[in-house]
file protein-v7.cif (mmCIF, C-alpha atoms and all ligand atoms)
data_coords
#
loop_
_atom_site.label_atom_id
_atom_site.label_comp_id
_atom_site.auth_asym_id
_atom_site.auth_seq_id
_atom_site.Cartn_x
_atom_site.Cartn_y
_atom_site.Cartn_z
CA MET A 1 40.81 -32.84 -111.84
CA SER A 2 43.84 -34.58 -113.24
CA GLU A 3 44.02 -38.19 -114.41
CA PRO A 4 43.33 -40.87 -111.79
CA LEU A 5 46.52 -42.13 -110.15
CA LEU A 6 44.64 -45.04 -108.60
CA ARG A 7 41.64 -46.88 -110.01
CA VAL A 8 39.80 -49.68 -108.28
CA CYS A 9 37.30 -51.48 -110.50
CA ASP A 10 34.62 -53.89 -109.25
CA LEU A 11 36.75 -55.32 -106.46
CA ASP A 12 35.70 -58.43 -104.55
CA VAL A 13 37.81 -59.57 -101.60
CA CYS A 14 37.25 -62.71 -99.52
CA TYR A 15 38.81 -64.05 -96.36
CA GLY A 16 38.33 -67.78 -96.88
CA THR A 17 34.63 -68.25 -97.43
CA SER A 18 33.71 -64.88 -95.95
CA GLN A 19 33.39 -62.05 -98.46
CA ALA A 20 34.47 -58.62 -97.18
CA LEU A 21 34.22 -56.44 -100.32
CA PHE A 22 31.56 -56.64 -103.02
CA GLY A 23 32.17 -54.93 -106.36
CA VAL A 24 33.91 -51.88 -104.91
CA SER A 25 34.91 -49.24 -107.46
CA THR A 26 36.61 -45.93 -106.75
CA GLU A 27 39.38 -43.71 -108.06
CA VAL A 28 41.76 -41.03 -106.83
CA ALA A 29 43.00 -38.18 -109.00
CA ALA A 30 46.74 -37.50 -108.85
CA GLY A 31 47.49 -34.97 -106.11
CA SER A 32 44.10 -35.33 -104.42
CA VAL A 33 42.88 -36.86 -101.16
CA LEU A 34 40.24 -39.59 -101.00
CA ALA A 35 38.56 -40.26 -97.65
CA VAL A 36 37.36 -43.83 -97.17
CA LEU A 37 34.71 -43.81 -94.48
CA GLY A 38 32.60 -46.52 -92.91
CA ALA A 39 31.54 -48.09 -89.65
CA ASN A 40 33.61 -50.77 -87.92
CA GLY A 41 33.86 -53.80 -90.16
CA ALA A 42 32.65 -51.96 -93.28
CA GLY A 43 35.76 -52.98 -95.18
CA LYS A 44 38.04 -49.91 -95.04
CA SER A 45 41.15 -51.83 -93.99
CA THR A 46 40.40 -54.63 -96.41
CA LEU A 47 40.25 -52.14 -99.28
CA ALA A 48 43.53 -50.58 -98.12
CA ARG A 49 45.22 -53.96 -97.76
CA SER A 50 44.09 -55.26 -101.10
CA ILE A 51 45.23 -52.12 -102.95
CA SER A 52 48.60 -52.45 -101.18
CA GLY A 53 49.06 -56.05 -102.27
CA LEU A 54 48.56 -57.65 -98.86
CA VAL A 55 45.24 -59.35 -99.60
CA PRO A 56 44.68 -60.56 -103.16
CA PRO A 57 41.26 -59.72 -104.59
CA THR A 58 39.08 -62.55 -105.86
CA ALA A 59 37.64 -60.39 -108.64
CA GLY A 60 38.08 -56.93 -110.12
CA ARG A 61 41.13 -54.90 -111.07
CA ILE A 62 43.38 -52.28 -109.50
CA PHE A 63 45.38 -49.82 -111.62
CA PHE A 64 48.15 -47.59 -110.32
CA GLY A 65 48.72 -45.05 -113.07
CA ASP A 66 48.84 -47.19 -116.21
CA THR A 67 50.04 -50.28 -114.35
CA ASP A 68 47.67 -53.10 -113.50
CA ILE A 69 48.72 -54.00 -109.94
CA THR A 70 45.93 -56.50 -109.28
CA GLY A 71 47.39 -59.34 -107.23
CA GLU A 72 50.91 -57.86 -107.27
CA PRO A 73 52.81 -58.56 -104.04
CA ALA A 74 53.19 -55.72 -101.54
CA HIS A 75 56.92 -55.15 -102.10
CA ARG A 76 56.37 -54.61 -105.82
CA VAL A 77 53.46 -52.22 -105.22
CA ARG A 78 55.65 -50.31 -102.76
CA LYS A 79 58.41 -50.09 -105.33
CA LEU A 80 56.03 -48.44 -107.78
CA GLY A 81 55.52 -45.63 -105.24
CA LEU A 82 52.47 -46.73 -103.28
CA THR A 83 53.11 -46.76 -99.53
CA TYR A 84 50.71 -48.26 -97.03
CA ILE A 85 50.67 -47.12 -93.40
CA PRO A 86 48.70 -49.87 -91.68
CA GLU A 87 46.32 -49.43 -88.80
CA GLY A 88 48.56 -50.04 -85.79
CA ARG A 89 51.38 -48.04 -87.40
CA GLY A 90 53.60 -50.62 -89.01
CA ILE A 91 56.75 -49.73 -87.14
CA PHE A 92 59.26 -52.11 -85.54
CA PRO A 93 58.74 -51.61 -81.79
CA GLY A 94 61.90 -53.51 -80.79
CA LEU A 95 64.18 -51.35 -82.93
CA THR A 96 65.35 -47.81 -82.20
CA VAL A 97 63.87 -44.83 -83.99
CA ILE A 98 66.93 -44.44 -86.16
CA ASP A 99 66.96 -48.13 -87.09
CA ASN A 100 63.28 -47.89 -88.06
CA LEU A 101 64.19 -45.04 -90.38
CA ARG A 102 67.22 -46.92 -91.70
CA MET A 103 64.98 -49.84 -92.62
CA ALA A 104 62.59 -47.52 -94.41
CA VAL A 105 65.35 -46.29 -96.72
CA ALA A 106 67.23 -49.59 -97.06
CA GLN A 107 66.12 -50.01 -100.68
CA GLU A 108 67.59 -46.64 -101.66
CA LYS A 109 71.03 -46.19 -103.14
CA ARG A 110 73.66 -46.09 -100.40
CA GLY A 111 74.54 -42.44 -101.09
CA ASP A 112 70.88 -41.33 -100.83
CA ARG A 113 70.05 -42.95 -97.52
CA ALA A 114 71.41 -40.36 -95.05
CA GLY A 115 69.65 -37.52 -96.89
CA ALA A 116 66.36 -39.43 -96.80
CA ILE A 117 66.69 -40.05 -93.05
CA ASN A 118 67.50 -36.39 -92.41
CA ARG A 119 64.48 -35.33 -94.44
CA ALA A 120 62.26 -37.57 -92.32
CA ILE A 121 63.70 -36.17 -89.09
CA ASP A 122 63.24 -32.61 -90.36
CA LEU A 123 59.53 -33.37 -90.71
CA PHE A 124 59.27 -34.52 -87.09
CA PRO A 125 62.18 -33.09 -85.09
CA VAL A 126 61.05 -34.96 -81.97
CA LEU A 127 62.23 -38.13 -83.68
CA GLY A 128 65.73 -36.70 -83.86
CA ASP A 129 65.69 -36.18 -80.08
CA ARG A 130 64.61 -39.78 -79.64
CA ARG A 131 66.78 -41.43 -82.25
CA THR A 132 68.29 -44.01 -79.90
CA GLN A 133 65.02 -44.80 -78.11
CA ARG A 134 63.18 -48.04 -78.82
CA ALA A 135 60.19 -47.28 -81.06
CA GLY A 136 57.92 -49.35 -78.82
CA SER A 137 58.62 -47.00 -75.92
CA LEU A 138 57.55 -43.85 -77.82
CA SER A 139 54.17 -42.30 -77.03
CA GLY A 140 51.29 -43.21 -79.36
CA GLY A 141 51.59 -39.89 -81.18
CA GLU A 142 55.35 -40.22 -81.58
CA GLN A 143 54.89 -43.73 -82.96
CA GLN A 144 52.44 -42.35 -85.49
CA MET A 145 54.92 -39.63 -86.45
CA LEU A 146 57.55 -42.34 -86.90
CA ALA A 147 55.17 -44.27 -89.16
CA LEU A 148 54.59 -41.14 -91.26
CA ALA A 149 58.30 -40.28 -91.28
CA ARG A 150 59.06 -43.80 -92.52
CA ALA A 151 56.47 -43.39 -95.25
CA LEU A 152 57.71 -39.95 -96.31
CA ALA A 153 61.48 -40.50 -96.05
CA VAL A 154 61.45 -41.67 -99.64
CA PRO A 155 58.54 -39.64 -100.99
CA PRO A 156 55.96 -42.01 -102.48
CA LYS A 157 53.46 -41.10 -105.18
CA LEU A 158 50.57 -42.25 -103.03
CA ILE A 159 50.07 -42.95 -99.33
CA ILE A 160 47.30 -45.14 -97.98
CA ALA A 161 46.89 -44.15 -94.35
CA ASP A 162 44.69 -46.56 -92.44
CA GLU A 163 43.11 -45.11 -89.29
CA MET A 164 46.16 -43.03 -88.42
CA SER A 165 44.40 -41.15 -85.65
CA LEU A 166 43.08 -44.19 -83.81
CA GLY A 167 43.75 -43.90 -80.09
CA LEU A 168 45.57 -40.57 -80.29
CA ALA A 169 44.98 -37.49 -78.15
CA PRO A 170 43.27 -34.58 -79.95
CA LEU A 171 46.40 -32.44 -80.21
CA ILE A 172 48.34 -35.32 -81.74
CA VAL A 173 45.49 -36.01 -84.16
CA GLU A 174 45.82 -32.36 -85.23
CA SER A 175 49.52 -32.77 -85.90
CA VAL A 176 49.00 -36.04 -87.81
CA PHE A 177 46.45 -34.32 -90.05
CA ARG A 178 48.77 -31.34 -90.49
CA SER A 179 51.52 -33.69 -91.64
CA LEU A 180 49.16 -35.35 -94.10
CA ASP A 181 48.20 -31.91 -95.39
CA GLU A 182 51.89 -31.08 -95.84
CA ALA A 183 52.35 -34.33 -97.73
CA ARG A 184 49.43 -33.43 -99.98
CA LYS A 185 50.83 -29.95 -100.62
CA SER A 186 54.08 -31.55 -101.71
CA GLY A 187 52.10 -33.40 -104.40
CA ILE A 188 51.57 -36.77 -102.74
CA THR A 189 48.19 -38.39 -103.41
CA ILE A 190 46.49 -39.68 -100.27
CA VAL A 191 43.89 -42.32 -99.47
CA LEU A 192 42.74 -41.75 -95.94
CA SER A 193 40.76 -44.43 -94.14
CA GLU A 194 39.21 -42.85 -91.07
CA GLN A 195 36.60 -43.10 -88.40
CA PHE A 196 36.99 -39.39 -87.64
CA VAL A 197 34.55 -38.30 -90.25
CA HIS A 198 34.68 -34.52 -90.15
CA ARG A 199 38.42 -34.34 -89.80
CA ALA A 200 38.87 -36.64 -92.80
CA LEU A 201 36.32 -34.74 -94.89
CA SER A 202 37.99 -31.42 -94.18
CA LEU A 203 41.21 -32.72 -95.75
CA ALA A 204 39.64 -34.78 -98.55
CA ASP A 205 38.64 -33.80 -102.06
CA THR A 206 36.49 -36.87 -102.63
CA CYS A 207 34.89 -39.44 -100.39
CA VAL A 208 33.69 -43.00 -100.56
CA ILE A 209 31.50 -44.46 -97.84
CA LEU A 210 31.56 -48.23 -97.42
CA THR A 211 28.59 -50.02 -95.92
CA ARG A 212 29.01 -53.73 -95.22
CA GLY A 213 31.61 -54.15 -97.95
CA ARG A 214 29.81 -52.15 -100.64
CA VAL A 215 30.06 -48.57 -101.83
CA GLY A 216 27.10 -46.89 -100.15
CA TRP A 217 27.89 -43.39 -101.38
CA SER A 218 30.68 -41.64 -103.23
CA GLY A 219 31.21 -38.10 -104.41
CA PRO A 220 32.97 -34.82 -103.67
CA ALA A 221 33.84 -34.46 -99.97
CA SER A 222 32.08 -31.08 -100.00
CA GLU A 223 28.81 -32.87 -100.79
CA ALA A 224 29.10 -35.37 -97.93
CA GLY A 225 26.90 -33.24 -95.70
CA PRO A 226 25.13 -34.13 -92.45
CA GLU A 227 22.28 -35.89 -94.20
CA ILE A 228 24.61 -38.23 -96.12
CA ILE A 229 26.74 -38.84 -93.03
CA HIS A 230 23.67 -39.60 -90.95
CA ARG A 231 22.19 -41.90 -93.59
CA TYR A 232 25.35 -43.97 -94.18
CA LEU A 233 27.25 -43.69 -90.92
CA GLY A 234 24.50 -43.29 -88.35
CA GLU A 235 24.32 -40.95 -85.41
CA VAL A 236 27.79 -41.22 -84.04
CA ASP A 237 30.01 -38.21 -84.53
CA THR A 238 33.22 -40.11 -84.03
CA ASP A 239 35.26 -36.90 -84.03
CA ALA A 240 34.00 -36.42 -80.51
CA LEU A 241 35.42 -39.75 -79.44
CA VAL A 242 39.12 -39.11 -79.86
CA ALA A 243 40.75 -41.11 -77.13
CA ASP A 244 43.31 -39.61 -74.83
P1 LIG B 1 37.52 -51.19 -88.55
O1 LIG B 1 37.15 -49.76 -88.67
O2 LIG B 1 36.85 -51.87 -87.38
O3 LIG B 1 38.98 -51.48 -88.65
P2 LIG B 1 37.11 -51.86 -91.34
O4 LIG B 1 36.09 -51.00 -92.01
O5 LIG B 1 38.54 -51.52 -91.56
O6 LIG B 1 36.80 -51.94 -89.79
P3 LIG B 1 37.81 -54.52 -92.16
O7 LIG B 1 38.85 -54.67 -91.10
O8 LIG B 1 38.25 -54.34 -93.55
O9 LIG B 1 36.80 -53.33 -91.79
O10 LIG B 1 36.82 -55.77 -92.08
C1 LIG B 1 35.82 -56.02 -93.05
C2 LIG B 1 35.24 -57.40 -92.78
O11 LIG B 1 36.21 -58.41 -93.05
C3 LIG B 1 34.79 -57.59 -91.33
O12 LIG B 1 33.61 -58.36 -91.34
C4 LIG B 1 35.93 -58.38 -90.72
O13 LIG B 1 35.48 -59.19 -89.67
C5 LIG B 1 36.43 -59.20 -91.89
N1 LIG B 1 37.88 -59.46 -91.79
C6 LIG B 1 38.87 -58.54 -91.73
N2 LIG B 1 40.08 -59.13 -91.65
C7 LIG B 1 39.84 -60.46 -91.67
C8 LIG B 1 40.69 -61.62 -91.63
N3 LIG B 1 42.03 -61.51 -91.57
N4 LIG B 1 40.09 -62.82 -91.66
C9 LIG B 1 38.74 -62.96 -91.73
N5 LIG B 1 37.89 -61.90 -91.80
C10 LIG B 1 38.43 -60.67 -91.76
#

call {"tool": "encode", "arguments": {"input": "protein-v7.cif", "output": "structure tokens"}}
result
Amino acid sequence: MSEPLLRVCDLDVCYGTSQALFGVSTEVAAGSVLAVLGANGAGKSTLARSISGLVPPTAGRIFFGDTDITGEPAHRVRKLGLTYIPEGRGIFPGLTVIDNLRMAVAQEKRGDRAGAINRAIDLFPVLGDRRTQRAGSLSGGEQQMLALARALAVPPKLIIADEMSLGLAPLIVESVFRSLDEARKSGITIVLSEQFVHRALSLADTCVILTRGRVGWSGPASEAGPEIIHRYLGEVDTDALVAD
């Protein structure tokens, strides 16, 4: 494995007086995929948000490459090449598809913007067909593709994808995972927070399972077998619960 691109050391995160993460440590090697698993409320989104600069930790440190990004605001973290796709997609529903893509590349040099938008549309041609449609009127799967296209238009070093498959039909889930796999093959490091355990593990190299805000288990994804899944995540095979 190569050097870690992301290192989270002993992270505590609180919402007011309520603590959501307790001493969480994990790391992701450059070019690899980390699956963050856990039941509802285990702290997956909190971990994603605090790495992305949206929720400041109360203790611990976060390193992105050699840079200490602990407590850095989200826009600065993004600038370093760490893109967060929030649960709920993080698109602008009132804007058209093309305007959503324009906003995603607005920080780029003027001459680079059109190329970046075209690259994003090449990834998901359906977005080209719908360029003048309001993002909020796209289907759930198309909205998710738009979220990924926005994230990949200017290729980041690392994507944190939070519950991308939530509420999507099985075929769309397939295509979202295929896109993530493509992103990985192009060298992008991925942190995947998921309730769809088996799907996430099949893409991931390593895995961390959160239980009530703590690391319950971590190790190679290939070692997260049925016994581990059962012990830390219970009976539910959430892959069977993909909504239509
Ligand atoms: P889910 O799969 O349901 O999205 P999760 O594993 O992503 O769950 P989090 O959303 O990180 O879990 O929540 C972890 C804990 O922090 C929960 O107890 C939750 O109620 C609490 N929490 C999350 N966001 C906030 C907030 N903005 N204010 C107060 N408490 C919060």

call {"tool": "residues_around", "arguments": {"input": "protein-v7.cif", "residues": "Ser193 of chain A", "least_positions_apart": "6", "cutoff": "7 Å", "atoms": "only C-alpha atoms", "output": "ChimeraX atom specification"}}
result
/A:35-37,44,161-163

call {"tool": "write_last_selection", "arguments": {"input": "protein-v7.cif", "atoms": "C-alpha atoms", "output": "PDB file, in the coordinates of the input"}}
result
ATOM      1  CA  ALA A  35      38.560 -40.260 -97.650  1.00  0.00           C
ATOM      2  CA  VAL A  36      37.360 -43.830 -97.170  1.00  0.00           C
ATOM      3  CA  LEU A  37      34.710 -43.810 -94.480  1.00  0.00           C
ATOM      4  CA  LYS A  44      38.040 -49.910 -95.040  1.00  0.00           C
ATOM      5  CA  ALA A 161      46.890 -44.150 -94.350  1.00  0.00           C
ATOM      6  CA  ASP A 162      44.690 -46.560 -92.440  1.00  0.00           C
ATOM      7  CA  GLU A 163      43.110 -45.110 -89.290  1.00  0.00           C
TER       8      GLU A 163
END

call {"tool": "residues_near_ligand", "arguments": {"input": "protein-v7.cif", "ligand": "ligand LIG 1 (chain B)", "cutoff": "7 Å", "atoms": "all atoms listed in the file", "output": "number ranges by chain"}}
result
A: 15, 18, 20, 38-47, 195, 213

call {"tool": "closest_residue", "arguments": {"input": "protein-v7.cif", "among": "A:Leu95, A:Ala200, A:Leu21, A:Val154", "to": "Asp112 of chain A", "atoms": "all atoms listed in the file"}}
result
A:Val154

call {"tool": "atom_distance", "arguments": {"input": "protein-v7.cif", "atom1": "atom CA of Gly94 of chain A", "atom2": "atom CA of Ala153 of chain A"}}
result
20.1 Å

call {"tool": "atom_distance", "arguments": {"input": "protein-v7.cif", "atom1": "atom CA of Arg214 of chain A", "atom2": "atom CA of Gly23 of chain A"}}
result
6.8 Å

call {"tool": "atom_distance", "arguments": {"input": "protein-v7.cif", "atom1": "atom CA of Gly81 of chain A", "atom2": "atom CA of Thr67 of chain A"}}
result
11.6 Å

call {"tool": "closest_atom_pairs", "arguments": {"input": "protein-v7.cif", "of": "segment 97-205 of chain A", "to": "segment 215-230 of chain A", "cutoff": "9 Å", "atoms": "only C-alpha atoms", "output": "Markdown table"}}
result
| residue | atom | partner | partner_atom | distance |
| --- | --- | --- | --- | --- |
| A:Val197 | CA | A:Ile229 | CA | 8.3 |
| A:Leu201 | CA | A:Ala221 | CA | 5.7 |
| A:Ser202 | CA | A:Ala221 | CA | 7.7 |
| A:Leu203 | CA | A:Ala221 | CA | 8.7 |
| A:Ala204 | CA | A:Ala221 | CA | 6.0 |
| A:Asp205 | CA | A:Ala221 | CA | 5.3 |

call {"tool": "write_last_selection", "arguments": {"input": "protein-v7.cif", "atoms": "C-alpha atoms", "output": "mmCIF file, keeping the file's coordinate frame"}}
result
data_model
loop_
_atom_site.group_PDB
_atom_site.id
_atom_site.type_symbol
_atom_site.label_atom_id
_atom_site.label_comp_id
_atom_site.auth_asym_id
_atom_site.auth_seq_id
_atom_site.Cartn_x
_atom_site.Cartn_y
_atom_site.Cartn_z
ATOM 1 C CA VAL A 197 34.550 -38.300 -90.250
ATOM 2 C CA LEU A 201 36.320 -34.740 -94.890
ATOM 3 C CA SER A 202 37.990 -31.420 -94.180
ATOM 4 C CA LEU A 203 41.210 -32.720 -95.750
ATOM 5 C CA ALA A 204 39.640 -34.780 -98.550
ATOM 6 C CA ASP A 205 38.640 -33.800 -102.060
#

call {"tool": "residues_around", "arguments": {"input": "protein-v7.cif", "residues": "Ile172 of chain A", "least_positions_apart": "4", "cutoff": "9 Å", "atoms": "all atoms listed in the file", "output": "short mmCIF file (atom, residue, chain, number, x, y, z; two decimals) with C-alpha atoms, in the coordinates of the input"}}
result
data_model
loop_
_atom_site.label_atom_id
_atom_site.label_comp_id
_atom_site.auth_asym_id
_atom_site.auth_seq_id
_atom_site.Cartn_x
_atom_site.Cartn_y
_atom_site.Cartn_z
CA GLY A 140 51.29 -43.21 -79.36
CA GLY A 141 51.59 -39.89 -81.18
CA GLU A 142 55.35 -40.22 -81.58
CA GLN A 144 52.44 -42.35 -85.49
CA SER A 165 44.40 -41.15 -85.65
CA LEU A 168 45.57 -40.57 -80.29
CA VAL A 176 49.00 -36.04 -87.81
CA PHE A 177 46.45 -34.32 -90.05
#

call {"tool": "closest_residue", "arguments": {"input": "protein-v7.cif", "among": "A:Gly167, A:Phe124, A:Pro156, A:Val191", "to": "Ser179 of chain A", "atoms": "only C-alpha atoms"}}
result
A:Phe124

call {"tool": "residues_around", "arguments": {"input": "protein-v7.cif", "residues": "Gly128 of chain A", "least_positions_apart": "4", "cutoff": "9 Å", "atoms": "only C-alpha atoms", "output": "ChimeraX atom specification"}}
result
/A:97-98,118,121-122,124,132
